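Peer 1: What follows is my_file-v4.json; its format and atoms are JSON, N, CA and C atoms.
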```
[["chain", "number", "residue", "atom", "x", "y", "z"],
["A", 1, "MET", "N", 0.83, -1.17, 0.00],
["A", 1, "MET", "CA", 0.00, 0.00, 0.00],
["A", 1, "MET", "C", 0.89, 1.25, 0.00],
["A", 2, "THR", "N", 0.63, 2.16, -0.93],
["A", 2, "THR", "CA", 1.43, 3.38, -1.02],
["A", 2, "THR", "C", 0.72, 4.53, -0.29],
["A", 3, "ILE", "N", 1.51, 5.40, 0.23],
["A", 3, "ILE", "CA", 0.96, 6.56, 0.96],
["A", 3, "ILE", "C", 0.85, 7.72, -0.02],
["A", 4, "ARG", "N", -0.33, 8.33, -0.10],
["A", 4, "ARG", "CA", -0.55, 9.45, -1.00],
["A", 4, "ARG", "C", -0.14, 10.74, -0.31],
["A", 5, "LYS", "N", 0.55, 11.58, -1.07],
["A", 5, "LYS", "CA", 0.99, 12.87, -0.52],
["A", 5, "LYS", "C", -0.07, 13.92, -0.81],
["A", 6, "LYS", "N", -0.14, 14.89, 0.07],
["A", 6, "LYS", "CA", -1.06, 16.01, -0.14],
["A", 6, "LYS", "C", -0.40, 17.01, -1.09],
["A", 7, "VAL", "N", -0.92, 17.09, -2.27],
["A", 7, "VAL", "CA", -0.37, 17.98, -3.28],
["A", 7, "VAL", "C", -1.25, 19.20, -3.47],
["A", 8, "ALA", "N", -2.53, 19.05, -3.28],
["A", 8, "ALA", "CA", -3.48, 20.11, -3.59],
["A", 8, "ALA", "C", -3.24, 21.37, -2.78],
["A", 9, "SER", "N", -2.84, 21.26, -1.54],
["A", 9, "SER", "CA", -2.68, 22.45, -0.72],
["A", 9, "SER", "C", -1.54, 23.34, -1.20],
["A", 10, "SER", "N", -0.50, 22.75, -1.78],
["A", 10, "SER", "CA", 0.63, 23.57, -2.24],
["A", 10, "SER", "C", 0.44, 24.09, -3.67],
["A", 11, "THR", "N", -0.43, 23.47, -4.44],
["A", 11, "THR", "CA", -0.59, 23.91, -5.83],
["A", 11, "THR", "C", -1.79, 24.82, -6.05],
["A", 12, "THR", "N", -2.83, 24.71, -5.25],
["A", 12, "THR", "CA", -4.03, 25.49, -5.50],
["A", 12, "THR", "C", -3.96, 26.89, -4.91],
["A", 13, "ASN", "N", -3.21, 27.09, -3.86],
["A", 13, "ASN", "CA", -3.11, 28.40, -3.23],
["A", 13, "ASN", "C", -1.67, 28.90, -3.34],
["A", 14, "PRO", "N", -1.40, 29.78, -4.31],
["A", 14, "PRO", "CA", -0.03, 30.27, -4.42],
["A", 14, "PRO", "C", 0.31, 31.17, -3.24],
["A", 15, "PRO", "N", 1.58, 31.32, -2.93],
["A", 15, "PRO", "CA", 1.96, 32.22, -1.83],
["A", 15, "PRO", "C", 1.49, 33.64, -2.12],
["A", 16, "LYS", "N", 1.29, 34.42, -1.07],
["A", 16, "LYS", "CA", 0.73, 35.75, -1.24],
["A", 16, "LYS", "C", 1.66, 36.69, -2.01],
["A", 17, "ASP", "N", 2.93, 36.44, -2.01],
["A", 17, "ASP", "CA", 3.84, 37.34, -2.72],
["A", 17, "ASP", "C", 3.92, 37.04, -4.22],
["A", 18, "LYS", "N", 3.24, 36.04, -4.71],
["A", 18, "LYS", "CA", 3.34, 35.68, -6.13],
["A", 18, "LYS", "C", 1.97, 35.62, -6.81],
["A", 19, "GLY", "N", 1.01, 36.40, -6.36],
["A", 19, "GLY", "CA", -0.31, 36.38, -6.96],
["A", 19, "GLY", "C", -0.52, 37.54, -7.91],
["A", 20, "LYS", "N", -1.64, 37.53, -8.63],
["A", 20, "LYS", "CA", -1.96, 38.61, -9.55],
["A", 20, "LYS", "C", -2.15, 39.92, -8.80],
["A", 21, "ASP", "N", -2.72, 39.86, -7.60],
["A", 21, "ASP", "CA", -3.00, 41.07, -6.84],
["A", 21, "ASP", "C", -1.72, 41.84, -6.52],
["A", 22, "MET", "N", -0.68, 41.14, -6.18],
["A", 22, "MET", "CA", 0.58, 41.81, -5.85],
["A", 22, "MET", "C", 1.19, 42.46, -7.09],
["A", 23, "ASP", "N", 1.08, 41.81, -8.24],
["A", 23, "ASP", "CA", 1.60, 42.38, -9.48],
["A", 23, "ASP", "C", 0.85, 43.66, -9.81],
["A", 24, "PHE", "N", -0.48, 43.65, -9.61],
["A", 24, "PHE", "CA", -1.30, 44.84, -9.85],
["A", 24, "PHE", "C", -0.85, 45.97, -8.96],
["A", 25, "ARG", "N", -0.65, 45.69, -7.68],
["A", 25, "ARG", "CA", -0.27, 46.74, -6.74],
["A", 25, "ARG", "C", 1.10, 47.33, -7.06],
["A", 26, "THR", "N", 2.05, 46.50, -7.42],
["A", 26, "THR", "CA", 3.38, 47.04, -7.71],
["A", 26, "THR", "C", 3.35, 47.86, -8.99],
["A", 27, "GLN", "N", 2.65, 47.41, -10.03],
["A", 27, "GLN", "CA", 2.54, 48.20, -11.26],
["A", 27, "GLN", "C", 1.81, 49.51, -10.99],
["A", 28, "TYR", "N", 0.76, 49.45, -10.20],
["A", 28, "TYR", "CA", 0.00, 50.65, -9.85],
["A", 28, "TYR", "C", 0.89, 51.67, -9.16],
["A", 29, "GLN", "N", 1.70, 51.22, -8.22],
["A", 29, "GLN", "CA", 2.60, 52.10, -7.49],
["A", 29, "GLN", "C", 3.68, 52.67, -8.42],
["A", 30, "ILE", "N", 4.19, 51.85, -9.33],
["A", 30, "ILE", "CA", 5.20, 52.33, -10.28],
["A", 30, "ILE", "C", 4.63, 53.41, -11.17],
["A", 31, "VAL", "N", 3.40, 53.22, -11.65],
["A", 31, "VAL", "CA", 2.75, 54.21, -12.51],
["A", 31, "VAL", "C", 2.51, 55.50, -11.71],
["A", 32, "TYR", "N", 2.05, 55.37, -10.49],
["A", 32, "TYR", "CA", 1.83, 56.55, -9.63],
["A", 32, "TYR", "C", 3.12, 57.34, -9.46],
["A", 33, "GLN", "N", 4.20, 56.65, -9.14],
["A", 33, "GLN", "CA", 5.49, 57.31, -8.93],
["A", 33, "GLN", "C", 6.00, 57.97, -10.21],
["A", 34, "SER", "N", 5.77, 57.34, -11.34],
["A", 34, "SER", "CA", 6.21, 57.89, -12.61],
["A", 34, "SER", "C", 5.52, 59.21, -12.91],
["A", 35, "PHE", "N", 4.21, 59.28, -12.68],
["A", 35, "PHE", "CA", 3.48, 60.53, -12.91],
["A", 35, "PHE", "C", 3.83, 61.58, -11.86],
["A", 36, "LEU", "N", 4.39, 61.18, -10.73],
["A", 36, "LEU", "CA", 4.77, 62.10, -9.68],
["A", 36, "LEU", "C", 6.03, 62.89, -10.05],
["A", 37, "GLU", "N", 6.90, 62.31, -10.87],
["A", 37, "GLU", "CA", 8.16, 62.95, -11.24],
["A", 37, "GLU", "C", 7.94, 64.26, -11.98],
["A", 38, "ARG", "N", 7.08, 64.23, -13.00],
["A", 38, "ARG", "CA", 6.76, 65.41, -13.82],
["A", 38, "ARG", "C", 5.53, 65.06, -14.64],
["A", 39, "PRO", "N", 4.83, 66.05, -15.19],
["A", 39, "PRO", "CA", 3.68, 65.73, -16.04],
["A", 39, "PRO", "C", 4.11, 64.91, -17.26],
["A", 40, "LYS", "N", 3.39, 63.81, -17.49],
["A", 40, "LYS", "CA", 3.74, 62.89, -18.57],
["A", 40, "LYS", "C", 2.49, 62.38, -19.26],
["A", 41, "THR", "N", 2.69, 61.85, -20.46],
["A", 41, "THR", "CA", 1.63, 61.14, -21.16],
["A", 41, "THR", "C", 1.69, 59.67, -20.76],
["A", 42, "MET", "N", 0.64, 58.95, -21.10],
["A", 42, "MET", "CA", 0.64, 57.51, -20.82],
["A", 42, "MET", "C", 1.72, 56.81, -21.63],
["A", 43, "LEU", "N", 1.99, 57.31, -22.84],
["A", 43, "LEU", "CA", 3.05, 56.72, -23.66],
["A", 43, "LEU", "C", 4.41, 56.92, -23.01],
["A", 44, "ASP", "N", 4.65, 58.10, -22.42],
["A", 44, "ASP", "CA", 5.91, 58.34, -21.72],
["A", 44, "ASP", "C", 6.11, 57.34, -20.58],
["A", 45, "VAL", "N", 5.04, 57.07, -19.84],
["A", 45, "VAL", "CA", 5.13, 56.12, -18.73],
["A", 45, "VAL", "C", 5.40, 54.71, -19.26],
["A", 46, "PHE", "N", 4.75, 54.35, -20.37],
["A", 46, "PHE", "CA", 4.99, 53.05, -20.99],
["A", 46, "PHE", "C", 6.46, 52.91, -21.40],
["A", 47, "LEU", "N", 7.00, 53.93, -22.04],
["A", 47, "LEU", "CA", 8.38, 53.86, -22.51],
["A", 47, "LEU", "C", 9.36, 53.82, -21.34],
["A", 48, "GLN", "N", 9.02, 54.50, -20.25],
["A", 48, "GLN", "CA", 9.91, 54.53, -19.09],
["A", 48, "GLN", "C", 9.86, 53.24, -18.29],
["A", 49, "THR", "N", 8.65, 52.68, -18.12],
["A", 49, "THR", "CA", 8.50, 51.55, -17.20],
["A", 49, "THR", "C", 8.35, 50.20, -17.90],
["A", 50, "GLY", "N", 7.85, 50.20, -19.13],
["A", 50, "GLY", "CA", 7.60, 48.94, -19.82],
["A", 50, "GLY", "C", 6.27, 48.31, -19.47],
["A", 51, "ILE", "N", 5.47, 48.98, -18.65],
["A", 51, "ILE", "CA", 4.14, 48.49, -18.29],
["A", 51, "ILE", "C", 3.22, 48.73, -19.48],
["A", 52, "LEU", "N", 2.38, 47.76, -19.80],
["A", 52, "LEU", "CA", 1.50, 47.87, -20.96],
["A", 52, "LEU", "C", 0.61, 49.11, -20.87],
["A", 53, "ARG", "N", 0.38, 49.76, -22.02],
["A", 53, "ARG", "CA", -0.43, 50.98, -22.04],
["A", 53, "ARG", "C", -1.87, 50.72, -21.63],
["A", 54, "ALA", "N", -2.39, 49.55, -21.93],
["A", 54, "ALA", "CA", -3.76, 49.22, -21.51],
["A", 54, "ALA", "C", -3.85, 49.22, -19.98],
["A", 55, "ASN", "N", -2.83, 48.70, -19.32],
["A", 55, "ASN", "CA", -2.81, 48.70, -17.85],
["A", 55, "ASN", "C", -2.69, 50.13, -17.33],
["A", 56, "ILE", "N", -1.82, 50.92, -17.94],
["A", 56, "ILE", "CA", -1.63, 52.30, -17.51],
["A", 56, "ILE", "C", -2.94, 53.07, -17.65],
["A", 57, "CYS", "N", -3.64, 52.87, -18.75],
["A", 57, "CYS", "CA", -4.92, 53.54, -18.97],
["A", 57, "CYS", "C", -5.92, 53.16, -17.88],
["A", 58, "ARG", "N", -5.96, 51.90, -17.53],
["A", 58, "ARG", "CA", -6.87, 51.44, -16.47],
["A", 58, "ARG", "C", -6.48, 52.04, -15.12],
["A", 59, "TYR", "N", -5.18, 52.09, -14.83],
["A", 59, "TYR", "CA", -4.72, 52.66, -13.57],
["A", 59, "TYR", "C", -5.04, 54.15, -13.50],
["A", 60, "VAL", "N", -4.85, 54.87, -14.61],
["A", 60, "VAL", "CA", -5.14, 56.31, -14.64],
["A", 60, "VAL", "C", -6.63, 56.55, -14.41],
["A", 61, "ALA", "N", -7.49, 55.75, -15.02],
["A", 61, "ALA", "CA", -8.93, 55.89, -14.82],
["A", 61, "ALA", "C", -9.29, 55.67, -13.35],
["A", 62, "ASP", "N", -8.67, 54.69, -12.73],
["A", 62, "ASP", "CA", -8.93, 54.41, -11.32],
["A", 62, "ASP", "C", -8.42, 55.56, -10.45],
["A", 63, "MET", "N", -7.25, 56.09, -10.78],
["A", 63, "MET", "CA", -6.69, 57.21, -10.02],
["A", 63, "MET", "C", -7.55, 58.46, -10.17],
["A", 64, "GLU", "N", -8.11, 58.68, -11.36],
["A", 64, "GLU", "CA", -8.99, 59.82, -11.56],
["A", 64, "GLU", "C", -10.25, 59.69, -10.70],
["A", 65, "ASP", "N", -10.79, 58.49, -10.61],
["A", 65, "ASP", "CA", -11.95, 58.27, -9.76],
["A", 65, "ASP", "C", -11.64, 58.55, -8.30],
["A", 66, "ARG", "N", -10.42, 58.25, -7.89],
["A", 66, "ARG", "CA", -10.00, 58.47, -6.50],
["A", 66, "ARG", "C", -9.55, 59.91, -6.26],
["A", 67, "GLY", "N", -9.31, 60.66, -7.33],
["A", 67, "GLY", "CA", -8.88, 62.05, -7.19],
["A", 67, "GLY", "C", -7.41, 62.22, -6.89],
["A", 68, "ILE", "N", -6.57, 61.24, -7.26],
["A", 68, "ILE", "CA", -5.14, 61.34, -6.97],
["A", 68, "ILE", "C", -4.31, 61.63, -8.21],
["A", 69, "ILE", "N", -4.95, 61.80, -9.35],
["A", 69, "ILE", "CA", -4.26, 62.18, -10.58],
["A", 69, "ILE", "C", -5.14, 63.19, -11.30],
["A", 70, "GLN", "N", -4.49, 64.08, -12.05],
["A", 70, "GLN", "CA", -5.27, 65.09, -12.76],
["A", 70, "GLN", "C", -4.65, 65.35, -14.13],
["A", 71, "LEU", "N", -5.53, 65.56, -15.12],
["A", 71, "LEU", "CA", -5.11, 65.95, -16.45],
["A", 71, "LEU", "C", -4.78, 67.43, -16.39],
["A", 72, "LEU", "N", -3.51, 67.78, -16.64],
["A", 72, "LEU", "CA", -3.10, 69.18, -16.55],
["A", 72, "LEU", "C", -3.38, 69.94, -17.84],
["A", 73, "TYR", "N", -2.96, 69.37, -18.96],
["A", 73, "TYR", "CA", -3.13, 70.04, -20.24],
["A", 73, "TYR", "C", -2.99, 69.03, -21.36],
["A", 74, "LYS", "N", -3.37, 69.46, -22.56],
["A", 74, "LYS", "CA", -3.19, 68.65, -23.75],
["A", 74, "LYS", "C", -2.35, 69.44, -24.73],
["A", 75, "LYS", "N", -1.34, 68.78, -25.27],
["A", 75, "LYS", "CA", -0.51, 69.41, -26.29],
["A", 75, "LYS", "C", 0.10, 68.31, -27.16],
["A", 76, "GLU", "N", 0.83, 68.71, -28.19],
["A", 76, "GLU", "CA", 1.43, 67.75, -29.11],
["A", 76, "GLU", "C", 2.48, 66.91, -28.40],
["A", 77, "ASP", "N", 2.37, 65.61, -28.56],
["A", 77, "ASP", "CA", 3.32, 64.68, -27.95],
["A", 77, "ASP", "C", 4.58, 64.64, -28.80],
["A", 78, "SER", "N", 5.73, 64.60, -28.16],
["A", 78, "SER", "CA", 7.01, 64.59, -28.89],
["A", 78, "SER", "C", 7.24, 63.29, -29.64],
["A", 79, "HIS", "N", 6.62, 62.20, -29.20],
["A", 79, "HIS", "CA", 6.81, 60.91, -29.85],
["A", 79, "HIS", "C", 5.88, 60.71, -31.04],
["A", 80, "THR", "N", 4.60, 61.00, -30.85],
["A", 80, "THR", "CA", 3.60, 60.68, -31.88],
["A", 80, "THR", "C", 3.24, 61.87, -32.76],
["A", 81, "LYS", "N", 3.53, 63.09, -32.30],
["A", 81, "LYS", "CA", 3.18, 64.33, -33.01],
["A", 81, "LYS", "C", 1.68, 64.56, -33.05],
["A", 82, "PHE", "N", 0.92, 63.91, -32.16],
["A", 82, "PHE", "CA", -0.52, 64.13, -32.03],
["A", 82, "PHE", "C", -0.78, 64.71, -30.64],
["A", 83, "ARG", "N", -1.96, 65.31, -30.49],
["A", 83, "ARG", "CA", -2.33, 65.85, -29.17],
["A", 83, "ARG", "C", -2.48, 64.71, -28.17],
["A", 84, "ALA", "N", -1.94, 64.94, -26.99],
["A", 84, "ALA", "CA", -2.01, 63.93, -25.93],
["A", 84, "ALA", "C", -2.19, 64.64, -24.60],
["A", 85, "GLY", "N", -2.78, 63.93, -23.65],
["A", 85, "GLY", "CA", -3.00, 64.48, -22.32],
["A", 85, "GLY", "C", -1.78, 64.25, -21.43],
["A", 86, "TYR", "N", -1.43, 65.29, -20.69],
["A", 86, "TYR", "CA", -0.32, 65.22, -19.74],
["A", 86, "TYR", "C", -0.91, 65.18, -18.33],
["A", 87, "TYR", "N", -0.59, 64.11, -17.61],
["A", 87, "TYR", "CA", -1.15, 63.86, -16.29],
["A", 87, "TYR", "C", -0.08, 64.03, -15.22],
["A", 88, "THR", "N", -0.53, 64.32, -14.00],
["A", 88, "THR", "CA", 0.37, 64.38, -12.86],
["A", 88, "THR", "C", -0.33, 63.87, -11.61],
["A", 89, "THR", "N", 0.46, 63.33, -10.69],
["A", 89, "THR", "CA", -0.05, 62.94, -9.39],
["A", 89, "THR", "C", 0.48, 63.87, -8.31],
["A", 90, "ASP", "N", 1.24, 64.89, -8.71],
["A", 90, "ASP", "CA", 1.79, 65.87, -7.77],
["A", 90, "ASP", "C", 0.70, 66.87, -7.41],
["A", 91, "LYS", "N", 0.25, 66.82, -6.16],
["A", 91, "LYS", "CA", -0.86, 67.67, -5.71],
["A", 91, "LYS", "C", -0.53, 69.16, -5.81],
["A", 92, "ALA", "N", 0.76, 69.52, -5.77],
["A", 92, "ALA", "CA", 1.15, 70.93, -5.88],
["A", 92, "ALA", "C", 0.86, 71.48, -7.28],
["A", 93, "LEU", "N", 0.80, 70.62, -8.29],
["A", 93, "LEU", "CA", 0.55, 71.06, -9.66],
["A", 93, "LEU", "C", -0.93, 70.99, -10.05],
["A", 94, "PHE", "N", -1.77, 70.45, -9.20],
["A", 94, "PHE", "CA", -3.19, 70.31, -9.52],
["A", 94, "PHE", "C", -3.83, 71.68, -9.74],
["A", 95, "ARG", "N", -4.74, 71.74, -10.72],
["A", 95, "ARG", "CA", -5.54, 72.94, -10.93],
["A", 95, "ARG", "C", -6.63, 72.97, -9.87],
["A", 96, "LYS", "N", -6.96, 74.16, -9.44],
["A", 96, "LYS", "CA", -8.04, 74.31, -8.46],
["A", 96, "LYS", "C", -9.37, 74.20, -9.20],
["A", 97, "VAL", "N", -10.24, 73.33, -8.71],
["A", 97, "VAL", "CA", -11.55, 73.14, -9.31],
["A", 97, "VAL", "C", -12.56, 73.95, -8.52],
["A", 98, "LYS", "N", -13.26, 74.85, -9.20],
["A", 98, "LYS", "CA", -14.27, 75.66, -8.54],
["A", 98, "LYS", "C", -15.55, 74.86, -8.43],
["A", 99, "ASP", "N", -16.05, 74.74, -7.23],
["A", 99, "ASP", "CA", -17.30, 74.03, -6.99],
["A", 99, "ASP", "C", -18.44, 75.02, -7.13],
["A", 100, "LYS", "N", -19.25, 74.87, -8.17],
["A", 100, "LYS", "CA", -20.34, 75.80, -8.43],
["A", 100, "LYS", "C", -21.62, 75.43, -7.69],
["A", 101, "GLN", "N", -21.61, 74.33, -6.99],
["A", 101, "GLN", "CA", -22.79, 73.92, -6.25],
["A", 101, "GLN", "C", -22.84, 74.70, -4.93],
["A", 102, "TYR", "N", -23.98, 75.27, -4.64],
["A", 102, "TYR", "CA", -24.13, 76.05, -3.43],
["A", 102, "TYR", "C", -24.31, 75.15, -2.21],
["A", 103, "ASN", "N", -23.74, 75.60, -1.12],
["A", 103, "ASN", "CA", -23.88, 74.88, 0.13],
["A", 103, "ASN", "C", -24.98, 75.55, 0.93],
["A", 104, "LEU", "N", -25.93, 74.79, 1.44],
["A", 104, "LEU", "CA", -27.05, 75.37, 2.17],
["A", 104, "LEU", "C", -26.64, 76.03, 3.48],
["A", 105, "TRP", "N", -25.59, 75.58, 4.10],
["A", 105, "TRP", "CA", -25.19, 76.08, 5.39],
["A", 105, "TRP", "C", -24.06, 77.10, 5.30],
["A", 106, "GLU", "N", -23.65, 77.45, 4.13],
["A", 106, "GLU", "CA", -22.53, 78.39, 3.96],
["A", 106, "GLU", "C", -23.09, 79.79, 3.76],
["A", 107, "ASP", "N", -22.45, 80.79, 4.38],
["A", 107, "ASP", "CA", -22.86, 82.18, 4.17],
["A", 107, "ASP", "C", -22.45, 82.63, 2.79],
["A", 108, "ARG", "N", -23.30, 83.43, 2.18],
["A", 108, "ARG", "CA", -23.01, 83.90, 0.82],
["A", 108, "ARG", "C", -22.48, 85.30, 0.83]]
```
Go ahead and render the structure in this file as structure tokens.
Peer 2:
Amino acid sequence: MTIRKKVASSTTNPPKDKGKDMDFRTQYQIVYQSFLERPKTMLDVFLQTGILRANICRYVADMEDRGIIQLLYKKEDSHTKFRAGYYTTDKALFRKVKDKQYNLWEDR
């Protein structure tokens, strides 16, 4: 009679440091840091980091929803010669957004 080894526990649950979630977080942080250096296009971040542009686009959309990245301006990109958006995560460079909605409890 042979003794069966437990294989399922080591193959079905990968260690926490080697999962998809960790790869997402590290790429997300790299993209955030890249936009923090200076205003850049998504193509600039792709060329600098090697992270796929589709991923960068998804990360930027998520950052916009969270309010941690802002589109500063659009101008001709040096690589493509087409208009492109320049984004930053540096809060000191953010444009001030005027809130036109009135507050009921605020004095006018």
Peer 1: Can you tell me, as a PyMOL selection string, what residues are no more than 5 Å from region 58-75 of chain A when counting only N, CA and C atoms, ignoring any on the same chain fewer than 3 positions away?
Peer 2: chain A and resi 54-55+83-89
Peer 1: Please measure the separation of CA of Asp90 (chain A) and atom C of Ser78 (chain A), giving the value in Å to one decimal.
Peer 2: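 Here the two named atoms are 22.7 Å from each other.
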Peer 1: How many Å lie between CA of Gln27 (chain A) and atom N of Met42 (chain A), rounded to one decimal?
Peer 2: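 Rounded to one decimal, the two atoms are 14.7 Å apart.
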Peer 1: For a quick check of understanding, using only C-alpha atoms, which of A:Pro39, A:Glu76, A:Lys91, A:Val31 has the smallest distance to Ile56 (chain A)?
Peer 2: A:Val31
Peer 1: At what distance in Å, to one decimal, does atom C of Val45 (chain A) lie from atom C of Ala92 (chain A)?
Peer 2: 21.1 Å
Peer 1: Write out as lines of an AutoDock Vina configuration file an axis-aligned box for region 51-61 of chain A: all of its atoms listed in the file, 4 Å added on each side, centre and edge lengths in Å with one decimal.
Peer 2:
```
center_x = -1.9
center_y = 52.2
center_z = -17.7
size_x = 22.8
size_y = 16.8
size_z = 16.7
```
